[in-house]
Each structure stands twice: as structure tokens, then as C-alpha cells.
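Undergrad: TSV, C-alpha atoms, file run-v4.tsv:
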```tsv
chain	number	residue	atom	x	y	z
M	1	MET	CA	-22.56	142.99	109.02
M	2	PRO	CA	-19.96	140.19	108.67
M	3	LEU	CA	-19.41	138.03	111.73
M	4	ASN	CA	-15.78	137.42	110.71
M	5	PRO	CA	-13.14	139.67	109.14
M	6	PRO	CA	-13.53	139.26	105.35
M	7	ILE	CA	-10.48	137.73	103.68
M	8	THR	CA	-9.95	140.09	100.78
M	9	ASP	CA	-6.49	139.07	99.56
M	10	TRP	CA	-5.22	135.47	99.52
M	11	ARG	CA	-1.71	136.31	98.31
M	12	GLY	CA	0.84	135.02	100.79
M	13	GLN	CA	-1.81	133.62	103.15
M	14	ARG	CA	-0.59	130.41	104.83
M	15	VAL	CA	-3.41	127.90	104.58
M	16	TRP	CA	-3.63	124.34	105.95
M	17	LEU	CA	-6.39	122.09	104.62
M	18	VAL	CA	-6.71	118.80	106.50
M	19	GLY	CA	-8.51	116.18	104.42
M	20	ALA	CA	-7.65	117.60	101.01
M	21	SER	CA	-6.62	114.62	98.88
M	22	SER	CA	-9.94	114.60	97.01
M	23	GLY	CA	-13.41	116.11	96.86
M	24	ILE	CA	-14.21	119.45	98.44
M	25	GLY	CA	-10.91	119.82	100.29
M	26	ARG	CA	-8.82	119.33	97.17
M	27	ALA	CA	-10.96	121.72	95.14
M	28	VAL	CA	-10.66	124.42	97.81
M	29	ALA	CA	-6.89	123.92	97.98
M	30	SER	CA	-6.61	124.25	94.21
M	31	LEU	CA	-8.70	127.42	94.15
M	32	LEU	CA	-6.75	129.09	96.96
M	33	HIS	CA	-3.46	128.16	95.29
M	34	ALA	CA	-4.68	129.85	92.12
M	35	ARG	CA	-5.42	132.98	94.16
M	36	GLY	CA	-1.92	133.15	95.55
M	37	ALA	CA	-2.19	131.39	98.91
M	38	GLN	CA	0.63	129.25	100.30
M	39	VAL	CA	-1.28	126.00	100.55
M	40	CYS	CA	-0.47	122.91	102.58
M	41	VAL	CA	-2.63	119.83	102.05
M	42	SER	CA	-2.91	116.88	104.41
M	43	ALA	CA	-4.57	113.47	104.23
M	44	ARG	CA	-3.60	109.84	104.63
M	45	GLN	CA	-2.80	109.02	101.01
M	46	GLN	CA	0.70	110.27	100.21
M	47	ALA	CA	0.37	109.52	96.48
M	48	LEU	CA	-2.66	111.78	96.09
M	49	LEU	CA	-0.94	114.56	98.05
M	50	ASP	CA	2.18	114.25	95.89
M	51	ALA	CA	0.01	114.51	92.77
M	52	PHE	CA	-1.52	117.73	94.12
M	53	VAL	CA	1.92	119.24	94.76
M	54	ARG	CA	3.07	118.35	91.24
M	55	GLU	CA	0.02	120.06	89.79
M	56	HIS	CA	0.30	123.08	92.10
M	57	PRO	CA	3.93	124.24	92.25
M	58	GLY	CA	4.89	125.85	95.54
M	59	SER	CA	2.29	123.97	97.56
M	60	GLN	CA	3.22	121.62	100.40
M	61	ALA	CA	1.97	118.20	101.51
M	62	LEU	CA	2.03	116.62	104.95
M	63	ALA	CA	0.60	113.10	105.12
M	64	LEU	CA	-1.16	112.19	108.35
M	65	ASP	CA	-3.97	110.17	109.85
M	66	VAL	CA	-6.32	112.50	111.73
M	67	THR	CA	-7.19	109.75	114.20
M	68	ASP	CA	-3.56	109.75	115.38
M	69	ALA	CA	-3.16	112.69	117.78
M	70	GLN	CA	0.64	112.44	117.74
M	71	ALA	CA	0.77	112.49	113.94
M	72	VAL	CA	-1.47	115.57	113.81
M	73	ALA	CA	0.59	117.37	116.44
M	74	GLY	CA	3.80	116.52	114.62
M	75	ALA	CA	2.48	117.77	111.28
M	76	ALA	CA	1.25	121.01	112.87
M	77	GLN	CA	4.61	121.54	114.57
M	78	GLN	CA	6.43	121.01	111.28
M	79	LEU	CA	4.15	123.41	109.46
M	80	LEU	CA	4.28	126.08	112.17
M	81	ALA	CA	8.06	125.99	112.11
M	82	GLY	CA	7.73	127.82	108.80
M	83	GLY	CA	5.58	130.59	110.26
M	84	LEU	CA	2.15	131.28	111.70
M	85	LEU	CA	-0.98	130.08	109.91
M	86	ASP	CA	-3.67	132.34	108.48
M	87	LEU	CA	-6.37	129.72	107.85
M	88	VAL	CA	-6.92	126.14	108.98
M	89	CYS	CA	-9.80	124.17	107.47
M	90	TYR	CA	-10.82	120.73	108.68
M	91	CYS	CA	-12.23	118.93	105.61
M	92	ALA	CA	-11.55	115.34	106.61
M	93	GLY	CA	-14.61	113.14	106.62
M	94	HIS	CA	-15.70	109.53	106.71
M	95	TYR	CA	-19.04	108.32	105.39
M	96	ARG	CA	-20.71	104.98	104.89
M	97	PRO	CA	-24.48	104.78	104.36
M	98	MET	CA	-26.07	103.09	107.34
M	99	SER	CA	-29.53	102.41	108.71
M	100	ALA	CA	-30.63	100.93	112.01
M	101	GLY	CA	-31.53	97.65	110.32
M	102	ALA	CA	-27.85	97.07	109.51
M	103	LEU	CA	-26.09	98.52	112.52
M	104	ASP	CA	-22.30	98.29	112.32
M	105	LEU	CA	-20.52	99.28	115.53
M	106	PRO	CA	-16.96	99.48	114.08
M	107	GLU	CA	-18.26	101.77	111.33
M	108	LEU	CA	-20.12	103.92	113.85
M	109	LEU	CA	-16.92	104.35	115.84
M	110	GLN	CA	-14.88	105.05	112.70
M	111	HIS	CA	-17.24	107.93	111.86
M	112	GLN	CA	-16.69	109.32	115.34
M	113	SER	CA	-12.91	108.89	115.10
M	114	VAL	CA	-12.49	110.70	111.78
M	115	ASN	CA	-15.29	113.25	111.81
M	116	VAL	CA	-15.17	114.33	115.44
M	117	THR	CA	-12.05	113.10	117.24
M	118	GLY	CA	-9.88	114.02	114.26
M	119	ALA	CA	-11.21	117.56	114.37
M	120	LEU	CA	-10.39	117.76	118.08
M	121	HIS	CA	-6.85	116.59	117.38
M	122	VAL	CA	-6.42	119.40	114.85
M	123	LEU	CA	-7.92	121.99	117.21
M	124	ALA	CA	-5.55	121.01	120.00
M	125	ALA	CA	-2.63	121.35	117.59
M	126	VAL	CA	-3.48	124.72	116.02
M	127	VAL	CA	-5.67	126.85	118.30
M	128	PRO	CA	-2.75	128.11	120.44
M	129	ALA	CA	-0.91	129.15	117.27
M	130	LEU	CA	-4.01	130.87	115.88
M	131	LEU	CA	-4.36	132.83	119.12
M	132	GLN	CA	-0.70	133.74	118.85
M	133	ALA	CA	-1.27	134.98	115.30
M	134	ALA	CA	-4.23	137.06	116.47
M	135	GLY	CA	-2.08	138.55	119.23
M	136	ALA	CA	0.49	139.49	116.60
M	137	GLY	CA	-2.10	141.57	114.76
M	138	ARG	CA	-3.08	139.07	112.10
M	139	ALA	CA	-6.63	137.85	111.43
M	140	PRO	CA	-6.37	134.04	111.48
M	141	HIS	CA	-9.34	131.88	110.61
M	142	LEU	CA	-10.53	128.40	111.61
M	143	SER	CA	-13.13	126.54	109.57
M	144	LEU	CA	-14.92	123.20	110.06
M	145	VAL	CA	-16.69	121.28	107.29
M	146	ALA	CA	-19.86	119.75	108.69
M	147	SER	CA	-22.97	118.99	106.61
M	148	VAL	CA	-26.68	119.68	106.31
M	149	ALA	CA	-26.94	116.06	107.54
M	150	GLY	CA	-26.14	117.51	110.95
M	151	TRP	CA	-29.22	119.75	110.98
M	152	ARG	CA	-31.77	116.95	111.22
M	153	ALA	CA	-32.02	113.29	110.28
M	154	LEU	CA	-31.54	112.28	106.64
M	155	PRO	CA	-31.82	108.79	105.12
M	156	GLN	CA	-28.87	106.42	105.64
M	157	SER	CA	-27.11	108.97	107.87
M	158	LEU	CA	-27.33	107.04	111.12
M	159	ALA	CA	-23.53	107.00	111.48
M	160	TYR	CA	-22.71	110.22	109.64
M	161	GLY	CA	-25.39	112.68	110.76
M	162	PRO	CA	-24.64	112.66	114.52
M	163	THR	CA	-20.96	113.40	113.89
M	164	LYS	CA	-21.82	116.41	111.73
M	165	ALA	CA	-24.29	117.65	114.36
M	166	ALA	CA	-21.39	117.53	116.81
M	167	LEU	CA	-19.22	119.61	114.46
M	168	ILE	CA	-21.96	122.21	114.09
M	169	ASN	CA	-22.21	122.64	117.84
M	170	LEU	CA	-18.41	122.62	118.13
M	171	ALA	CA	-18.04	125.41	115.56
M	172	GLU	CA	-20.67	127.52	117.31
M	173	ASN	CA	-18.85	127.18	120.62
M	174	LEU	CA	-15.50	127.93	119.01
M	175	PHE	CA	-16.94	131.11	117.54
M	176	LEU	CA	-18.18	132.26	120.94
M	177	ASP	CA	-14.78	131.65	122.50
M	178	LEU	CA	-12.34	132.62	119.73
M	179	ARG	CA	-13.94	135.45	117.78
M	180	PRO	CA	-13.63	137.94	120.71
M	181	GLN	CA	-9.93	137.05	120.81
M	182	GLY	CA	-9.40	137.87	117.14
M	183	VAL	CA	-9.70	134.43	115.55
M	184	GLY	CA	-12.39	134.06	112.88
M	185	VAL	CA	-14.43	130.86	112.91
M	186	SER	CA	-16.69	129.53	110.18
M	187	LEU	CA	-18.96	126.52	109.73
M	188	ILE	CA	-19.41	124.88	106.32
M	189	ASN	CA	-22.63	122.92	105.77
M	190	PRO	CA	-22.68	121.61	102.20
M	191	GLY	CA	-25.66	120.02	100.58
M	192	PHE	CA	-24.96	117.16	98.17
M	193	VAL	CA	-21.57	117.38	96.42
M	194	ASP	CA	-20.30	114.88	93.86
M	195	THR	CA	-17.40	113.27	95.74
M	196	PRO	CA	-16.14	109.70	96.36
M	197	LEU	CA	-18.19	109.74	99.58
M	198	THR	CA	-21.55	110.67	98.05
M	199	ALA	CA	-20.93	108.26	95.17
M	200	GLN	CA	-21.98	105.56	97.65
M	201	ASN	CA	-25.51	106.93	97.89
M	202	GLN	CA	-28.25	105.00	96.15
M	203	PHE	CA	-30.93	107.64	96.47
M	204	SER	CA	-31.78	110.87	94.70
M	205	MET	CA	-29.47	113.78	95.64
M	206	PRO	CA	-31.23	117.07	94.84
M	207	ALA	CA	-29.14	120.03	93.60
M	208	LEU	CA	-25.92	117.99	93.34
M	209	LEU	CA	-22.84	120.23	93.00
M	210	THR	CA	-19.35	119.57	91.70
M	211	PRO	CA	-16.44	119.97	94.15
M	212	GLU	CA	-15.34	123.03	92.17
M	213	GLN	CA	-18.75	124.67	92.65
M	214	ALA	CA	-18.58	123.88	96.35
M	215	ALA	CA	-15.09	125.39	96.57
M	216	GLN	CA	-16.29	128.60	94.93
M	217	ALA	CA	-19.10	128.88	97.48
M	218	ILE	CA	-16.74	128.25	100.40
M	219	VAL	CA	-14.11	130.76	99.34
M	220	ARG	CA	-16.81	133.32	98.58
M	221	GLY	CA	-18.15	132.84	102.10
M	222	TRP	CA	-14.71	133.37	103.64
M	223	GLU	CA	-14.24	136.47	101.53
M	224	ARG	CA	-17.57	137.85	102.78
M	225	GLY	CA	-16.79	137.13	106.43
M	226	GLN	CA	-19.69	134.70	106.89
M	227	PHE	CA	-19.97	132.36	109.85
M	228	GLU	CA	-22.20	129.69	108.32
M	229	LEU	CA	-21.71	128.72	104.70
M	230	HIS	CA	-24.43	126.46	103.32
M	231	PHE	CA	-24.98	125.70	99.65
M	232	PRO	CA	-26.58	125.41	97.18
M	233	LYS	CA	-29.03	127.89	98.72
M	234	ARG	CA	-32.01	126.66	96.68
M	235	PHE	CA	-31.68	123.29	98.43
M	236	THR	CA	-30.13	124.07	101.80
M	237	GLY	CA	-32.49	127.01	102.28
M	238	VAL	CA	-35.44	124.63	102.00
M	239	LEU	CA	-33.80	122.24	104.46
M	240	LYS	CA	-33.26	125.11	106.90
M	241	LEU	CA	-36.98	125.81	106.84
M	242	MET	CA	-37.80	122.11	107.08
M	243	ARG	CA	-35.77	121.62	110.23
M	244	CYS	CA	-38.16	123.97	112.02
M	245	LEU	CA	-41.16	121.83	111.10
M	246	PRO	CA	-42.87	119.44	113.50
M	247	TYR	CA	-41.63	115.87	113.07
M	248	ARG	CA	-44.97	114.69	111.67
M	249	TRP	CA	-44.37	116.96	108.67
M	250	TYR	CA	-40.58	116.77	108.48
M	251	PHE	CA	-40.17	113.01	108.05
M	252	PRO	CA	-42.62	112.61	105.11
M	253	LEU	CA	-40.97	115.55	103.31
M	254	VAL	CA	-37.52	114.01	103.68
M	255	HIS	CA	-38.77	110.77	102.15
M	256	ARG	CA	-40.27	112.75	99.30
M	257	PHE	CA	-37.01	114.65	98.62
M	258	THR	CA	-34.83	111.54	98.53
M	259	GLY	CA	-37.23	109.03	97.07
M	260	LEU	CA	-36.75	106.65	99.99
```
Give the structure from the file, written as C-alpha cells.
TA:
Amino acid sequence: MPLNPPITDWRGQRVWLVGASSGIGRAVASLLHARGAQVCVSARQQALLDAFVREHPGSQALALDVTDAQAVAGAAQQLLAGGLLDLVCYCAGHYRPMSAGALDLPELLQHQSVNVTGALHVLAAVVPALLQAAGAGRAPHLSLVASVAGWRALPQSLAYGPTKAALINLAENLFLDLRPQGVGVSLINPGFVDTPLTAQNQFSMPALLTPEQAAQAIVRGWERGQFELHFPKRFTGVLKLMRCLPYRWYFPLVHRFTGL
């Protein structure tokens, strides 16, 4: 039985994707536009957003920096002036490979600012409107993009992994609070996807997907009413089992998977 109301028809759905100038977010925005959704994309880089709008007539772009609470609130207010939202997806993410032997405090804090604090800024700006939409008889949806790196430790994820663990817990708590009030909540935990972020990795990335493949999996999960969307299953399913293992078995297996 689905944990969320399945989204069966995207036509006319008002969708806001925050962090959609490239990678997974852009691919999801493109796919939903093709299915008839009214898509708004946000990110810092205005030029990339403008390019998306040119390629997807009828879409909208609102440039913002997710670490700026006032900018996020202003963008949300501008978007909501055009009507209630049906789906908000937080795709923004920051990643730099890091290990304890090369600790970088500014980078650690930047991961926190973008991956966690930015998500909180968006939540504060949209949750009241999503509750309003639910009260009006709609079935709004809120989705957070975390990562399998948040399940358990992975190589070079000292800065990144803890922020994604925070998003996983955040999404679970949001589901407990919002789903009984009519707002669907989903958690997206991708495996390795070929994006500008993962291009920094210098280790083996098993079952690497394209952003378009990731977008298909995400939209399929929303359409099925799933809470947790993790993919590709042949890789993330193994990781799910591995995270239940004792540490003395888990750590050697991780090294074997990544070649580090």
C-alpha cells in the first residue's frame, strides 16, 4: 500500500525544484515539463536557469542562493503569488571529497549550509503553503534529495555524508508530521549518478546512472506513492543490507566496493 497519494497526472501540476540548474534536478525538471507540469527551477546560476527556460517553453526560473533565508522566502512568495504549489523538491547539494587527513573547516560548514540549512530555509518558506493546499483539498507533496551516503560511512564523505544523514532523519520526521495532515513526503536516496558533483570522485562508482535515468526513477517513485526512493536497486539494495552488518564486516566491504 502506498505511503503517499500516487501522482497519476502531471498536467497542470505546479512544481518547484530547488537546485535544478544541472544534474538530477535539471533532469527531473525536464521530465516533468515533458509530462505537462508547470515547472519552476531555482539555483544560483541565472544563465543556466535561463537556458533551461529557453529549452522548455512555459517553464519559470527564480535564481536564489539557498543559504540566504531572505532570498528563499522572497522566491517562494513570488512563486506562491501565482497559486498554490503541488510539489516542492529540494535538490540542491554541495559536495567536495574529504577525508580526516585533510580536514577543511570552511568546506565542512559549506556542506552544512547548502545541504541542511538550505533545506530548512525552503521548508520554512513552503510548508505553510503546502498545508494550505492540503486544506483546500489538493494533495501537495514535499520531497528531499539525500543520498545513500547518509545511510552509513562511505569513502571521502566526511563532509557530505553527515549532511545527508540529517536530511534522511528530517524527511522521516516530516512524514510523521505532515502526512496525517494531507501533505505527501518522500525521501530520495540516489546511488552514484553522473553529475558535476560525482565527477570529482577518484574511486570506482558501481552502477553509475545518468541524470536522466535517475529522473525516471524519481518520477516513477512519486507516481507510485513511495516514501523512500533509492536507485539503482541492484546497488542500493546491497548497501541497505550492508548497513545492517556489524562494523567489522561493513568497513572491509566498503573498501572492496570502491577500491579504496
Undergrad: So, with all atoms listed in the file as the atoms that count, which of M:Thr67, M:Asn169, M:Gln213, M:Ser22 lies closest to Ala47 (chain M)?
TA: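 For Ala47 (chain M), the nearest of the given residues is M:Ser22.
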Undergrad: So which one's closest to Gln13 (chain M), M:Gln216, M:Thr117, M:Ser59, M:Gln45? Using all atoms listed in the file, please.
TA: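 With all atoms listed in the file as the atom set, the closest residue is M:Ser59.
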Undergrad: So that I can check the surroundings of region 77-89 of chain M, please list as a PyMOL selection string every protein, DNA and RNA residue that reaches within 6 Å of it, counting all atoms listed in the file and ignoring chain neighbours fewer than 3 positions away.
TA: chain M and resi 13-17+74+140-144
Undergrad: Sorted by chain and rising residue number, list the residues of region 40-123 of chain M at most 6 Å from region 152-167 of chain M (counting only C-alpha atoms), each with its closest atom pair and distance in Å to one decimal, as a tab-separated table.
TA:
```
residue	atom	partner	partner_atom	distance
M:Tyr95	CA	M:Tyr160	CA	5.9
M:Pro97	CA	M:Gln156	CA	4.9
M:Met98	CA	M:Gln156	CA	4.7
M:Ser99	CA	M:Gln156	CA	5.1
M:Leu108	CA	M:Ala159	CA	5.2
```
Undergrad: Rounded to one decimal, what separation in Å do you get between CA of Leu176 (chain M) and CA of Pro190 (chain M)?
TA: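 So the answer is 22.0 Å.
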Undergrad: Out of M:His111, M:Arg96, M:Arg179, M:Lys240, which residue has the shortest atom-to-atom distance to Pro196 (chain M) when counting all atoms listed in the file?
TA: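 So, comparing all the options, the nearest one is M:Arg96.
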Undergrad: Taking into account all atoms listed in the file, which residue in the set M:Glu107, M:Ala27, M:Leu123, M:Gly101 is nearest to Ala69 (chain M)?
TA: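 Smallest separation from Ala69 (chain M) among the options: M:Leu123.
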Undergrad: In Å, with one decimal, what is the gap from CA of Leu241 (chain M) to CA of Phe175 (chain M)?
TA: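 Computing the Euclidean distance for CA of Leu241 (chain M) and CA of Phe175 (chain M) yields 23.3 Å.
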Undergrad: Residues within 10 Å of (-8.9, 118.3, 106.2), file coordinates, counting all atoms listed in the file: what are they? Give the list as a ChimeraX atom specification.
TA: /M:16-22,24-26,41-43,66,88-93,115,118-119,122,143-145
Undergrad: So how far away is CA of His230 (chain M) from CA of Gly12 (chain M), in Å?
TA: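 One can read the CA of Gly12 (chain M) to CA of His230 (chain M) distance as 26.8 Å.
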Undergrad: What's the 9 Å shell around region 131-135 of chain M, counting only C-alpha atoms, without same-chain residues fewer than 2 positions away, as a count of residues only?
TA: 15
Undergrad: Report as a count of residues only all protein, DNA and RNA residues lying within 12 Å of region 9-11 of chain M, evaluated on all atoms listed in the file, omitting residues in the same chain fewer than 2 positions from it.
TA: 24
Undergrad: Within 7 Å of Phe227 (chain M), counting only C-alpha atoms, which residues qualify if same-chain residues fewer than 4 places away don't, as a short mmCIF file (atom, residue, chain, number, x, y, z; two decimals) with C-alpha atoms, in the frame of the given file?
TA:
```cif
data_model
loop_
_atom_site.label_atom_id
_atom_site.label_comp_id
_atom_site.auth_asym_id
_atom_site.auth_seq_id
_atom_site.Cartn_x
_atom_site.Cartn_y
_atom_site.Cartn_z
CA LEU M 3 -19.41 138.03 111.73
CA ASN M 4 -15.78 137.42 110.71
CA VAL M 185 -14.43 130.86 112.91
CA SER M 186 -16.69 129.53 110.18
CA LEU M 187 -18.96 126.52 109.73
#
```
Undergrad: I'd like to know which of M:Gly221, M:Pro252, M:Gly191, M:Pro211 is closest to Val238 (chain M), using all atoms listed in the file.
TA: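 Once distances to Val238 (chain M) are computed over all atoms listed in the file, the minimum belongs to M:Gly191.
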Undergrad: What are the centre and the three edge lengths of an axis-aligned box that wraps all atoms of region 52-59 of chain M in the file, given that 6 Å is added to every side, written as JSON and rounded to one decimal in Å?
TA:
```
{"center_x": 1.7, "center_y": 121.8, "center_z": 93.7, "size_x": 18.4, "size_y": 20.1, "size_z": 19.8}
```
Undergrad: Select, from M:Leu239, M:Val116, M:Ala124, M:Ala73, the residue with the minimum atom-to-atom distance to His94 (chain M), counting all atoms listed in the file.
TA: M:Val116
Undergrad: Need a file for region 59-98 of chain M from that block: N, CA and C atoms, written as a PDB file, in the first residue's frame.
TA:
```
ATOM      1  N   SER M  59       8.112  27.157 -18.864  1.00  0.00           N
ATOM      2  CA  SER M  59       8.689  26.971 -17.539  1.00  0.00           C
ATOM      3  C   SER M  59       9.098  28.332 -16.968  1.00  0.00           C
ATOM      4  N   GLN M  60       9.467  28.334 -15.701  1.00  0.00           N
ATOM      5  CA  GLN M  60       9.808  29.565 -14.994  1.00  0.00           C
ATOM      6  C   GLN M  60      11.113  29.369 -14.243  1.00  0.00           C
ATOM      7  N   ALA M  61      11.872  30.436 -14.071  1.00  0.00           N
ATOM      8  CA  ALA M  61      13.133  30.365 -13.337  1.00  0.00           C
ATOM      9  C   ALA M  61      13.169  31.454 -12.280  1.00  0.00           C
ATOM     10  N   LEU M  62      13.619  31.077 -11.093  1.00  0.00           N
ATOM     11  CA  LEU M  62      13.824  32.026 -10.000  1.00  0.00           C
ATOM     12  C   LEU M  62      15.206  31.760  -9.416  1.00  0.00           C
ATOM     13  N   ALA M  63      16.145  32.642  -9.688  1.00  0.00           N
ATOM     14  CA  ALA M  63      17.502  32.471  -9.165  1.00  0.00           C
ATOM     15  C   ALA M  63      17.523  32.787  -7.673  1.00  0.00           C
ATOM     16  N   LEU M  64      18.250  31.970  -6.924  1.00  0.00           N
ATOM     17  CA  LEU M  64      18.400  32.216  -5.489  1.00  0.00           C
ATOM     18  C   LEU M  64      19.591  31.430  -4.961  1.00  0.00           C
ATOM     19  N   ASP M  65      20.042  31.849  -3.791  1.00  0.00           N
ATOM     20  CA  ASP M  65      21.075  31.146  -3.046  1.00  0.00           C
ATOM     21  C   ASP M  65      20.384  30.529  -1.838  1.00  0.00           C
ATOM     22  N   VAL M  66      20.382  29.207  -1.737  1.00  0.00           N
ATOM     23  CA  VAL M  66      19.618  28.547  -0.671  1.00  0.00           C
ATOM     24  C   VAL M  66      20.144  28.877   0.716  1.00  0.00           C
ATOM     25  N   THR M  67      21.381  29.361   0.805  1.00  0.00           N
ATOM     26  CA  THR M  67      21.927  29.706   2.119  1.00  0.00           C
ATOM     27  C   THR M  67      21.422  31.063   2.604  1.00  0.00           C
ATOM     28  N   ASP M  68      20.711  31.777   1.751  1.00  0.00           N
ATOM     29  CA  ASP M  68      20.157  33.097   2.079  1.00  0.00           C
ATOM     30  C   ASP M  68      18.669  32.936   2.366  1.00  0.00           C
ATOM     31  N   ALA M  69      18.307  32.939   3.643  1.00  0.00           N
ATOM     32  CA  ALA M  69      16.915  32.696   4.035  1.00  0.00           C
ATOM     33  C   ALA M  69      15.972  33.724   3.420  1.00  0.00           C
ATOM     34  N   GLN M  70      16.399  34.973   3.360  1.00  0.00           N
ATOM     35  CA  GLN M  70      15.548  36.023   2.811  1.00  0.00           C
ATOM     36  C   GLN M  70      15.313  35.812   1.313  1.00  0.00           C
ATOM     37  N   ALA M  71      16.356  35.395   0.605  1.00  0.00           N
ATOM     38  CA  ALA M  71      16.205  35.143  -0.835  1.00  0.00           C
ATOM     39  C   ALA M  71      15.250  33.985  -1.088  1.00  0.00           C
ATOM     40  N   VAL M  72      15.351  32.934  -0.289  1.00  0.00           N
ATOM     41  CA  VAL M  72      14.454  31.785  -0.441  1.00  0.00           C
ATOM     42  C   VAL M  72      13.012  32.195  -0.152  1.00  0.00           C
ATOM     43  N   ALA M  73      12.818  32.933   0.924  1.00  0.00           N
ATOM     44  CA  ALA M  73      11.465  33.374   1.280  1.00  0.00           C
ATOM     45  C   ALA M  73      10.877  34.264   0.194  1.00  0.00           C
ATOM     46  N   GLY M  74      11.708  35.158  -0.358  1.00  0.00           N
ATOM     47  CA  GLY M  74      11.227  36.035  -1.412  1.00  0.00           C
ATOM     48  C   GLY M  74      10.844  35.284  -2.668  1.00  0.00           C
ATOM     49  N   ALA M  75      11.655  34.291  -3.042  1.00  0.00           N
ATOM     50  CA  ALA M  75      11.343  33.489  -4.223  1.00  0.00           C
ATOM     51  C   ALA M  75      10.059  32.697  -4.016  1.00  0.00           C
ATOM     52  N   ALA M  76       9.894  32.119  -2.833  1.00  0.00           N
ATOM     53  CA  ALA M  76       8.682  31.355  -2.540  1.00  0.00           C
ATOM     54  C   ALA M  76       7.455  32.257  -2.584  1.00  0.00           C
ATOM     55  N   GLN M  77       7.584  33.451  -2.024  1.00  0.00           N
ATOM     56  CA  GLN M  77       6.458  34.394  -2.028  1.00  0.00           C
ATOM     57  C   GLN M  77       6.080  34.765  -3.452  1.00  0.00           C
ATOM     58  N   GLN M  78       7.088  35.006  -4.288  1.00  0.00           N
ATOM     59  CA  GLN M  78       6.820  35.347  -5.680  1.00  0.00           C
ATOM     60  C   GLN M  78       6.137  34.199  -6.408  1.00  0.00           C
ATOM     61  N   LEU M  79       6.594  33.002  -6.162  1.00  0.00           N
ATOM     62  CA  LEU M  79       6.017  31.836  -6.834  1.00  0.00           C
ATOM     63  C   LEU M  79       4.595  31.576  -6.345  1.00  0.00           C
ATOM     64  N   LEU M  80       4.384  31.676  -5.050  1.00  0.00           N
ATOM     65  CA  LEU M  80       3.060  31.407  -4.479  1.00  0.00           C
ATOM     66  C   LEU M  80       2.033  32.463  -4.858  1.00  0.00           C
ATOM     67  N   ALA M  81       2.500  33.622  -5.269  1.00  0.00           N
ATOM     68  CA  ALA M  81       1.565  34.650  -5.735  1.00  0.00           C
ATOM     69  C   ALA M  81       0.817  34.184  -6.973  1.00  0.00           C
ATOM     70  N   GLY M  82       1.398  33.223  -7.681  1.00  0.00           N
ATOM     71  CA  GLY M  82       0.750  32.679  -8.875  1.00  0.00           C
ATOM     72  C   GLY M  82      -0.142  31.492  -8.595  1.00  0.00           C
ATOM     73  N   GLY M  83      -0.242  31.090  -7.338  1.00  0.00           N
ATOM     74  CA  GLY M  83      -1.096  29.947  -6.980  1.00  0.00           C
ATOM     75  C   GLY M  83      -0.371  28.976  -6.066  1.00  0.00           C
ATOM     76  N   LEU M  84      -1.124  28.063  -5.482  1.00  0.00           N
ATOM     77  CA  LEU M  84      -0.557  27.077  -4.570  1.00  0.00           C
ATOM     78  C   LEU M  84       0.334  26.088  -5.324  1.00  0.00           C
ATOM     79  N   LEU M  85       1.250  25.474  -4.602  1.00  0.00           N
ATOM     80  CA  LEU M  85       2.180  24.518  -5.194  1.00  0.00           C
ATOM     81  C   LEU M  85       1.706  23.089  -4.963  1.00  0.00           C
ATOM     82  N   ASP M  86       1.972  22.236  -5.954  1.00  0.00           N
ATOM     83  CA  ASP M  86       1.604  20.824  -5.841  1.00  0.00           C
ATOM     84  C   ASP M  86       2.787  19.958  -5.423  1.00  0.00           C
ATOM     85  N   LEU M  87       3.996  20.356  -5.791  1.00  0.00           N
ATOM     86  CA  LEU M  87       5.178  19.586  -5.409  1.00  0.00           C
ATOM     87  C   LEU M  87       6.375  20.512  -5.261  1.00  0.00           C
ATOM     88  N   VAL M  88       7.093  20.343  -4.166  1.00  0.00           N
ATOM     89  CA  VAL M  88       8.351  21.047  -3.942  1.00  0.00           C
ATOM     90  C   VAL M  88       9.425  19.998  -3.708  1.00  0.00           C
ATOM     91  N   CYS M  89      10.507  20.085  -4.465  1.00  0.00           N
ATOM     92  CA  CYS M  89      11.608  19.131  -4.332  1.00  0.00           C
ATOM     93  C   CYS M  89      12.903  19.880  -4.075  1.00  0.00           C
ATOM     94  N   TYR M  90      13.560  19.543  -2.971  1.00  0.00           N
ATOM     95  CA  TYR M  90      14.841  20.157  -2.644  1.00  0.00           C
ATOM     96  C   TYR M  90      15.962  19.283  -3.196  1.00  0.00           C
ATOM     97  N   CYS M  91      16.571  19.750  -4.304  1.00  0.00           N
ATOM     98  CA  CYS M  91      17.631  19.006  -4.986  1.00  0.00           C
ATOM     99  C   CYS M  91      18.998  19.632  -4.779  1.00  0.00           C
ATOM    100  N   ALA M  92      19.050  20.789  -4.154  1.00  0.00           N
ATOM    101  CA  ALA M  92      20.329  21.494  -4.029  1.00  0.00           C
ATOM    102  C   ALA M  92      21.309  20.669  -3.212  1.00  0.00           C
ATOM    103  N   GLY M  93      22.558  20.683  -3.633  1.00  0.00           N
ATOM    104  CA  GLY M  93      23.558  19.913  -2.910  1.00  0.00           C
ATOM    105  C   GLY M  93      24.957  20.436  -3.157  1.00  0.00           C
ATOM    106  N   HIS M  94      25.793  20.284  -2.148  1.00  0.00           N
ATOM    107  CA  HIS M  94      27.199  20.668  -2.248  1.00  0.00           C
ATOM    108  C   HIS M  94      28.038  19.457  -1.864  1.00  0.00           C
ATOM    109  N   TYR M  95      29.085  19.208  -2.644  1.00  0.00           N
ATOM    110  CA  TYR M  95      29.938  18.053  -2.364  1.00  0.00           C
ATOM    111  C   TYR M  95      31.374  18.331  -2.762  1.00  0.00           C
ATOM    112  N   ARG M  96      32.268  18.097  -1.824  1.00  0.00           N
ATOM    113  CA  ARG M  96      33.697  18.042  -2.097  1.00  0.00           C
ATOM    114  C   ARG M  96      34.238  16.815  -1.375  1.00  0.00           C
ATOM    115  N   PRO M  97      34.975  15.959  -2.067  1.00  0.00           N
ATOM    116  CA  PRO M  97      35.554  14.801  -1.383  1.00  0.00           C
ATOM    117  C   PRO M  97      36.449  15.265  -0.230  1.00  0.00           C
ATOM    118  N   MET M  98      36.325  14.599   0.896  1.00  0.00           N
ATOM    119  CA  MET M  98      37.129  14.985   2.045  1.00  0.00           C
ATOM    120  C   MET M  98      37.375  13.785   2.937  1.00  0.00           C
TER     121      MET M  98
END
```
